[in-house]
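So the structure is just underneath, and the comments pick up after that.
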Amino acid sequence: MDPDDVHAEGPAPLRLRIPEPVRAASPKDRYTRHLSPAGEMRKPALDEKVERVALMRKQLVRVLDDDGIAVGEWVPDLTPGQLRDGLRNMMTVRSYDARLLRAHRQGKISFYMQCLGEEAIACAQQRALLPGDMHFPTYRQQGLLISAGYPMLTMMHQVLSNELDPLKGRQLPVMYSSKEHGFFSISGNLATQYVQAVGWAMASALRGGTAIASAWIGEGASAESDFHAALLFASTYQAPVILNIVNNHWAISTPEDFARGASATFADRGFGFSIPALRVDGNDYLAVYAASQWAAERARANLGPTLIEWVTLRVGAHSTSDDPSAYRPSDHEDFPLGDPIDRLHGHLVAIGEWDDDRHAALSAEVDAQVSAAFDEADSHGSVKSGHISDPRTMFDDVYAVLPRHLLEQREQAAG
Amino acid sequence: MDPDDVHAEGPAPLRLRIPEPVRAASPKDRYTRHLSPAGEMRKPALDEKVERVALMRKQLVRVLDDDGIAVGEWVPDLTPGQLRDGLRNMMTVRSYDARLLRAHRQGKISFYMQCLGEEAIACAQQRALLPGDMHFPTYRQQGLLISAGYPMLTMMHQVLSNELDPLKGRQLPVMYSSKEHGFFSISGNLATQYVQAVGWAMASALRGGTAIASAWIGEGASAESDFHAALLFASTYQAPVILNIVNNHWAISTPEDFARGASATFADRGFGFSIPALRVDGNDYLAVYAASQWAAERARANLGPTLIEWVTLRVGAHSTSDDPSAYRPSDHEDFPLGDPIDRLHGHLVAIGEWDDDRHAALSAEVDAQVSAAFDEADSHGSVKSGHISDPRTMFDDVYAVLPRHLLEQREQAAG
Amino acid sequence: MPSMTMIEAIRDAHLVAMERDNRVVVFGEDVGYFGGVFRCTQGLQARFGSHRCFDTPISEAGIVGVAVGMAAYGLRPCVEIQFADYVYPAYDQIVSEAARLRHRSAGDFTAPLVVRMPTGGGIYGGQTHSQSPEALFTHVAGLKTVVVSNPYDAKGLLLAAIEDDDPVIFLEPKRVYNGPFDGHHDRPIVPWSKHPLGEVPEGHYTIELGKARVHREGSEVTVLAYGTLVHVAQAAAEEQGIDAEIIDLRTLLPLDVDTIVESVVKTGRCLVVHEATLTSGFGAELSATVQERCFHHLEAPITRVCGYDTPYPHAHEWSYFPGPDRVGRAMREVVQA
Amino acid sequence: MPSMTMIEAIRDAHLVAMERDNRVVVFGEDVGYFGGVFRCTQGLQARFGSHRCFDTPISEAGIVGVAVGMAAYGLRPCVEIQFADYVYPAYDQIVSEAARLRHRSAGDFTAPLVVRMPTGGGIYGGQTHSQSPEALFTHVAGLKTVVVSNPYDAKGLLLAAIEDDDPVIFLEPKRVYNGPFDGHHDRPIVPWSKHPLGEVPEGHYTIELGKARVHREGSEVTVLAYGTLVHVAQAAAEEQGIDAEIIDLRTLLPLDVDTIVESVVKTGRCLVVHEATLTSGFGAELSATVQERCFHHLEAPITRVCGYDTPYPHAHEWSYFPGPDRVGRAMREVVQA
Ligand SMILES: Cc1ncc(C[n+]2csc(CCOP(=O)(O)OP(=O)(O)O)c2C)c(N)n1
Ligand SMILES: Cc1ncc(C[n+]2csc(CCOP(=O)(O)OP(=O)(O)O)c2C)c(N)n1
Ligand SMILES: [Mg+2]
Ligand SMILES: [Mg+2]
């Protein structure tokens, strides 16, 4: 039977919908659908019924208004000092990214991934959690490490893959790992870490611990099947975990529409499992902090998982291997929600805790720190200059104890 | 760092929720949560906004009331003759199952799976779809084949794995396949067929065909990751597919709560993808027909996928390898929603189209047919009596053309 | 010494491990309340509570995925995949994650976990209840792979696997759960209670991973086997009257090369048997290894007797299964070559 | 005859196939609008429309799962997995479904589909952009597995794969996309435009699956290779001044046993090379097969030179990669043994 002959006459032919969204025309709101004014969205009680939270599914948690004033129920309890720390962290991340992108152009490193525009998300959430909690990040949360005080120099050694790389040159640049700083080893395989985070949180709860886990995924990778396993196990066992989806609207060349499907928002996915879900302005440091804290408190109070869709935009290329001009509309705005650094800066100025001079000084200081760190790291060479660890170290850590066949292979490799 | 030392002081310890539902106490409604009276739930327009359908998520489509009267907006347009056909089909399925279970006890077959209590779902949906449509079933939709007029004798040959088995003894009993009858080959691996159904439906739409697909899964298997891929692709491409979840409340020994998690219903999963979802009384032939038809019409009108949770109960054991007395509360009721055959019988009597004599006659006729078919099938022997096809046929169909290494192996096997 | 079936021995290993180390948690489909479809975890939930042994949704990816997270936290998950045929949804979590976590994080995080699963045919299970996927794991650096053939080994190896700091794939041929099945499916099976390897010490003991066991000493030919095929090879040798040296590999990776080489150097002949499909099966690795290390001692070609390169057929499983006739015939040929 | 890179040849194969047969549909991550991260499908959407070539969500399981359904409907899906390292989420759909559909339904349903993926290291891709998983497919009955080494073959084999009635795993070593990379990573790469195998006929032609190609005739040793290693072996032979016969297997399953045996019978020596990890790699199968069929002709042990049994390390990839030095050294040893 030729499939085409089925129902040769009868109803109208079927059509498949192939999403062709962002690339078409040029809608003003292509990156900012369902935008709430700052302060509008109410803050539910920690144990609010999920059905009631679901009614807010197209709203967006926003705290900073256009004048830099923090408004509404979500305004977090942060001191000016804490806000300035946040600003410094974000500026450090941005400067760090810029320096390493330059290093790539200089041919010193093999690969790099920046998080331009997404700095607030990792930096603020890191601050809303506690030491001992564990993040299961993707490759765009360098802000977690920087905010946790992980030495930038060590990060650079990793990126340079030089002899001081704590991962011994085994991993692609930016695939950091630091248990001590609550940063789970980055995989490279998308989405796998999402369900692992749920497992880690389950373990903490099984043991009667108090630490919670935070899972990270891009909106594109939420299409992977492990996302389902993560939400399901989190829902079934009410694991103390934050399920972050960073919706930066692009997955390499693919617009978010492919992973979102017919849903209005990625937060909707949570409601399919009765997991309370928020949409949050990811470029608003205060909103990120407040929402992360709300989710963390829910987890710590044994109220189970929370899903958060962070609305933001991938400003730069996917990675140094990517050139977005081939697929991205050229008229798109880089910061439709505002630059997270500018917005926090504006807020600090608005509350009288910051001014342009201090900002310029901080900027210079941060750049100098990054620069000094890079010079120091660079002095140890890189994979490109051949200053890497002893090749025979690649046989270590495959197993806890080197088995016989790897001993033999190591000998051959040496010979 | 010993994980237990984390936050040695501070907040209260976390606890994991391990679902312990059905086995506890003995709630009257353990299998009938969120039950609507017959006729109560409204029938949405085919293109009703998914948000509005979602408001009905805890309701249940029911047509037959306790007196066997069909009530409400969902009453389907079925003639008495069609209803009597449905009754006959369900009775045939039940008789077929009973005969083969007996064959298993007699040591004639290696394995069997019945669908006791779930007959209406497959039988009525088969009738609501059209020739050319393709079902991607699990092992509990023998009703699809019987209602489609697939020869019962051939089914029995498959179950006996004898020389006339169209699958040449390769598959476990009940793992039928018939393209001609719109019945996709059953896998044995749970959930894999769910996304394949979406692919088949996508193909039909890509080609401008008119045939739709129907995907089947148990509530337990909806936990598998392929379920996510299926819903996502169906949502993204608006594939013309019906996504059935048969919630018979058990997955071998595991109550539905593990797969459902914190959600109130399995239909909720659909709303996570903006796929309209219905909960339907699966023991109500008329409701099944009506809901299937609604979903099929939506698909044919290019309105995309529909998810349907069929609420029913697995009355019998999971399979002939299973003894539910070890895990199932003994006080559970077999037909909390009523026996689908009795209910359709009652309806036909109520509308004056049936009586006990005709029922007894039909019952005897069906049993005689099944019995005769079994005797005929049995006369060709079975895997247990060694009457199987030539072992060398196992090398066929691994590839379209037998490659050299299999030729060699076939020769060895012969020698 | 108590006599146990392999199921009882596996259950006992869980008990001992959970008693000794409260980081050991056990879960999987139907594993908690019911105790597993093969009853290998029966009684554990009643004894240790539902926080130590529990049921999961039907999601192999989820089971292994959360196990990796738990292991990274510091627990020692020992999970069950209901049939080896259903491990593929979890394959990514095993291959890309568990196997490589230690290496990619330079030891910062580790994944000490055990993934148990019943393997092999012989119960009329058809193509989805009969597979032996060991070669799909032995190709993956970072995993250890164990296949058990008897109750004594099963308990000692499972305890070693749970205590091991690396992820271990633990394969249990279901056909030897209840006795040393020798491939004669038409004869009654000898129960483990009548077999010396059914005698299982109480309490704690381990068998080192990576050590083979000489199941039968002999001089004419070395037979490399594991799981059910150990007993099949023994039956074949006896029936053919061949003085075969049968090595039960027990751990496929790391492989006990010394024991193998010593034997082949002695016998000069080698037969490799397994139930999995022939092409790219673990037998290929065994054949290649023996050939590389014993080339000048070999008096005949190394021969493989394996499952055919087809899906495992339901009705024809005894034609598919490399039983004592096929193994015996090959053994004779190798000895006479 | 136009000269093409391997990327252009693959793109051209798609073009020809889609032109000839409107059942051919092409999809995958970034495959539609952008044309794939390696640009192998560039221009197809513009040419044939988004119903013939389209983007998908990032779900390898979904991509292959819907492809199986489409193939069962009657289409001929040719899908791309962005890197072979990411095929594991789709492994179940490939192994349990595509591979076995024809057999389990006795031909009632079939799954004629192609799963393309870039393999191999050498681009500083680290452990998740460098793998060569061919042995994980060759063990699976019902699949065919192809590895290409040059533009001419790539086009002819891809066309044959799309036209084949069975599921084909189509592996593209990314290091030879742009030239016959010989392992000398510190030297400029020769472009395909300067190589005879870069000459690719226009229009339709196929290369039969299951036929090897003698890449270089020789008498001293048979080298069994595929993908990038074909060119590495050639460089090694030239540098060592060894008259090696290099066989480019092209299709691993079904394997061209005749061509292999004929060569080994002639040379009496055999070297097997691949980039994938050694243990349980496809080299084991090759070694076992050669040993079984050429035992009495072998004058030296069959030797394997492969990737080490570790994850593919980012900074040390050139120590990991079996380059011309390692291959050359082994070649010399085999010839002198
Ligand atoms: C399993 C898997 N499939 C594909 C890839 C290739 N890949 C790397 S990043 C990426 C896009 C991810 O997009 P998204 O999740 O939105 O994260 P973003 O890059 O936007 O932060 C893809 C497809 C991968 N790393 N892993
Ligand atoms: C991938 C996979 N995992 C596990 C199994 C074993 N298994 C077979 S049926 C079953 C329970 C399925 O329950 P459900 O989906 O609710 O369907 P039901 O049997 O109730 O109709 C399980 C766990 C399988 N067949 N495939
Ligand atoms: Mg993104
Ligand atoms: Mg069920």
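How things are named: the first chain in the structure tokens is A, the next is B, and so on; residues count from 1 in each chain; ligands count from 1 in the order shown.
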
Exercise for review: Identify all chain B residues at most 6 Å from chain C by counting only C-alpha atoms; ligands do not count. Present them as a count of residues only.
Suggested key: 14

Practice item. Kindly compile the residues surrounding ligand 4 within 9 Å, counting only C-alpha atoms and all ligand atoms, and format them as a list in words. Key: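 These are the residues that qualify: Ile217, Gly218, Glu219, Gly220, Ala221, Ile245, Val246, Asn247, Asn248, His249, Trp250, Ala251, Ile252, Thr254, Pro255, Glu256, Leu313, Arg314 and His318 of chain B.
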
Written selection (C-alpha atoms) as a tab-separated table (two decimals), in the first residue's frame:
```
chain	number	residue	atom	x	y	z
B	217	ILE	CA	1.09	3.59	26.47
B	218	GLY	CA	0.40	2.37	29.98
B	219	GLU	CA	0.38	4.86	32.83
B	220	GLY	CA	3.46	3.17	34.22
B	221	ALA	CA	5.38	3.41	30.97
B	245	ILE	CA	-2.46	6.73	28.24
B	246	VAL	CA	-4.21	3.70	29.65
B	247	ASN	CA	-4.29	4.31	33.38
B	248	ASN	CA	-5.13	0.89	34.74
B	249	HIS	CA	-3.57	1.94	38.05
B	250	TRP	CA	-0.86	-0.71	38.12
B	251	ALA	CA	2.49	-1.25	36.47
B	252	ILE	CA	3.24	-4.82	37.51
B	254	THR	CA	3.88	-0.57	41.21
B	255	PRO	CA	0.88	1.67	41.82
B	256	GLU	CA	0.25	4.53	39.41
B	313	LEU	CA	-8.28	-0.89	36.24
B	314	ARG	CA	-6.12	-3.86	35.47
B	318	HIS	CA	0.06	-8.30	34.87
```

What are the nearest atom pairs, with distances in Å to one decimal, for all residues of chain A that come at most 7 Å from chain B, using only C-alpha atoms, set out by chain and rising residue number as CSV?
```
residue,atom,partner,partner_atom,distance
A:Asp4,CA,B:Gly209,CA,5.9
A:Val6,CA,B:Gly132,CA,5.9
A:His7,CA,B:Thr210,CA,6.1
A:Pro11,CA,B:Thr210,CA,6.7
A:Ala12,CA,B:Thr210,CA,6.9
A:Pro13,CA,B:Gly208,CA,4.8
A:Leu14,CA,B:Ala205,CA,4.5
A:Arg15,CA,B:Ala205,CA,4.6
A:Leu16,CA,B:Ala205,CA,5.1
A:Arg17,CA,B:Tyr237,CA,4.7
A:Ile18,CA,B:Tyr237,CA,5.6
A:Gly132,CA,B:Val6,CA,5.9
A:Met202,CA,B:Leu16,CA,6.5
A:Ala205,CA,B:Leu14,CA,4.6
A:Leu206,CA,B:Leu16,CA,5.6
A:Arg207,CA,B:Asp4,CA,6.9
A:Gly208,CA,B:Pro13,CA,4.8
A:Gly209,CA,B:Pro13,CA,5.3
A:Thr210,CA,B:Pro13,CA,5.2
A:Ala211,CA,B:Val6,CA,6.6
A:Ser225,CA,B:Ser225,CA,4.9
A:Asp226,CA,B:Ser225,CA,6.7
A:His228,CA,B:His228,CA,5.9
A:Ala229,CA,B:Ser225,CA,6.3
A:Leu232,CA,B:Gly261,CA,6.4
A:Ser235,CA,B:Gly261,CA,4.9
A:Thr236,CA,B:Gly261,CA,3.6
A:Tyr237,CA,B:Arg17,CA,4.7
A:Gln238,CA,B:Arg17,CA,5.8
A:Ala239,CA,B:Leu16,CA,6.4
A:Phe258,CA,B:Thr236,CA,5.9
A:Gly261,CA,B:Thr236,CA,3.6
A:Ala262,CA,B:Ser235,CA,5.3
A:Ser263,CA,B:Ser274,CA,4.8
A:Asp268,CA,B:Gly272,CA,4.9
A:Arg269,CA,B:Gly272,CA,4.2
A:Gly270,CA,B:Gly272,CA,6.7
A:Phe271,CA,B:Gly272,CA,5.8
A:Gly272,CA,B:Gly272,CA,4.1
A:Phe273,CA,B:Ser263,CA,5.2
A:Ser274,CA,B:Ser263,CA,4.8
A:Arg300,CA,B:Leu14,CA,6.7
A:Asn302,CA,B:Leu14,CA,6.0
```

Exercise for review: Within 6 Å of chain D, which residues of chain C are there when counting only C-alpha atoms? Please give them as a list in words.
Suggested key: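 The contacting residues on chain C are Tyr88, Pro89, Asp92, Leu136, His139, Ala141, Thr279, Ser280, Ala284, Glu285, Ser287, Ala288, Glu292, Phe295, Pro301, Asp309 and Thr310 of chain C.
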
Would you write out those residues with N, CA and C atoms, as a JSON list (two decimals), in the first residue's frame?
```json
[["chain", "number", "residue", "atom", "x", "y", "z"],
["C", 88, "TYR", "N", 19.00, 0.01, 27.61],
["C", 88, "TYR", "CA", 19.41, 1.01, 26.62],
["C", 88, "TYR", "C", 18.92, 2.43, 26.92],
["C", 89, "PRO", "N", 17.72, 2.61, 27.46],
["C", 89, "PRO", "CA", 17.36, 3.99, 27.80],
["C", 89, "PRO", "C", 18.32, 4.61, 28.82],
["C", 92, "ASP", "N", 23.08, 6.10, 27.93],
["C", 92, "ASP", "CA", 23.80, 7.38, 27.93],
["C", 92, "ASP", "C", 24.30, 7.72, 29.34],
["C", 136, "LEU", "N", 28.65, -4.38, 25.02],
["C", 136, "LEU", "CA", 28.33, -2.96, 24.90],
["C", 136, "LEU", "C", 28.86, -2.18, 26.10],
["C", 139, "HIS", "N", 33.39, -2.22, 26.05],
["C", 139, "HIS", "CA", 34.05, -1.26, 25.15],
["C", 139, "HIS", "C", 34.19, 0.12, 25.79],
["C", 141, "ALA", "N", 35.50, 2.62, 28.45],
["C", 141, "ALA", "CA", 36.51, 2.86, 29.48],
["C", 141, "ALA", "C", 35.85, 3.49, 30.70],
["C", 279, "THR", "N", 29.14, -11.42, 16.35],
["C", 279, "THR", "CA", 29.92, -10.33, 15.77],
["C", 279, "THR", "C", 30.10, -9.20, 16.77],
["C", 280, "SER", "N", 31.35, -8.82, 16.95],
["C", 280, "SER", "CA", 31.69, -7.78, 17.91],
["C", 280, "SER", "C", 31.28, -8.11, 19.33],
["C", 284, "ALA", "N", 35.15, -11.79, 20.65],
["C", 284, "ALA", "CA", 36.12, -11.24, 19.71],
["C", 284, "ALA", "C", 37.32, -10.68, 20.47],
["C", 285, "GLU", "N", 37.03, -9.97, 21.54],
["C", 285, "GLU", "CA", 38.13, -9.43, 22.35],
["C", 285, "GLU", "C", 38.95, -10.56, 22.96],
["C", 287, "SER", "N", 39.33, -13.60, 21.81],
["C", 287, "SER", "CA", 40.08, -14.23, 20.74],
["C", 287, "SER", "C", 41.29, -13.39, 20.36],
["C", 288, "ALA", "N", 41.07, -12.10, 20.20],
["C", 288, "ALA", "CA", 42.17, -11.21, 19.82],
["C", 288, "ALA", "C", 43.25, -11.19, 20.89],
["C", 292, "GLU", "N", 47.05, -12.48, 20.42],
["C", 292, "GLU", "CA", 48.18, -11.56, 20.58],
["C", 292, "GLU", "C", 49.21, -12.09, 21.56],
["C", 295, "PHE", "N", 50.32, -16.39, 20.52],
["C", 295, "PHE", "CA", 50.41, -16.77, 19.10],
["C", 295, "PHE", "C", 51.27, -17.99, 18.88],
["C", 301, "PRO", "N", 43.32, -22.91, 15.39],
["C", 301, "PRO", "CA", 42.66, -21.61, 15.47],
["C", 301, "PRO", "C", 41.79, -21.51, 16.72],
["C", 309, "ASP", "N", 23.91, -14.09, 14.89],
["C", 309, "ASP", "CA", 23.72, -12.65, 14.68],
["C", 309, "ASP", "C", 22.30, -12.32, 14.24],
["C", 310, "THR", "N", 21.37, -12.70, 15.10],
["C", 310, "THR", "CA", 19.95, -12.40, 14.88],
["C", 310, "THR", "C", 19.38, -11.96, 16.22]]
```

Review point. Counting only C-alpha atoms, what is within 12 Å of Ile341 of chain B, bar same-chain residues fewer than 2 positions away, as an MDAnalysis selection string?
Key: chainID B and resid 68 83:95 116:121 123:124 282:286 335 337:339 343:348 359 363

Point to revise | Which of C:Cys270, C:Gly122, C:Cys306, C:Glu97 sits closest to ligand 1 [using only C-alpha atoms and all ligand atoms] | key: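 Of C:Cys270, C:Gly122, C:Cys306, C:Glu97, the one nearest ligand 1, counting only C-alpha atoms and all ligand atoms, is C:Glu97.
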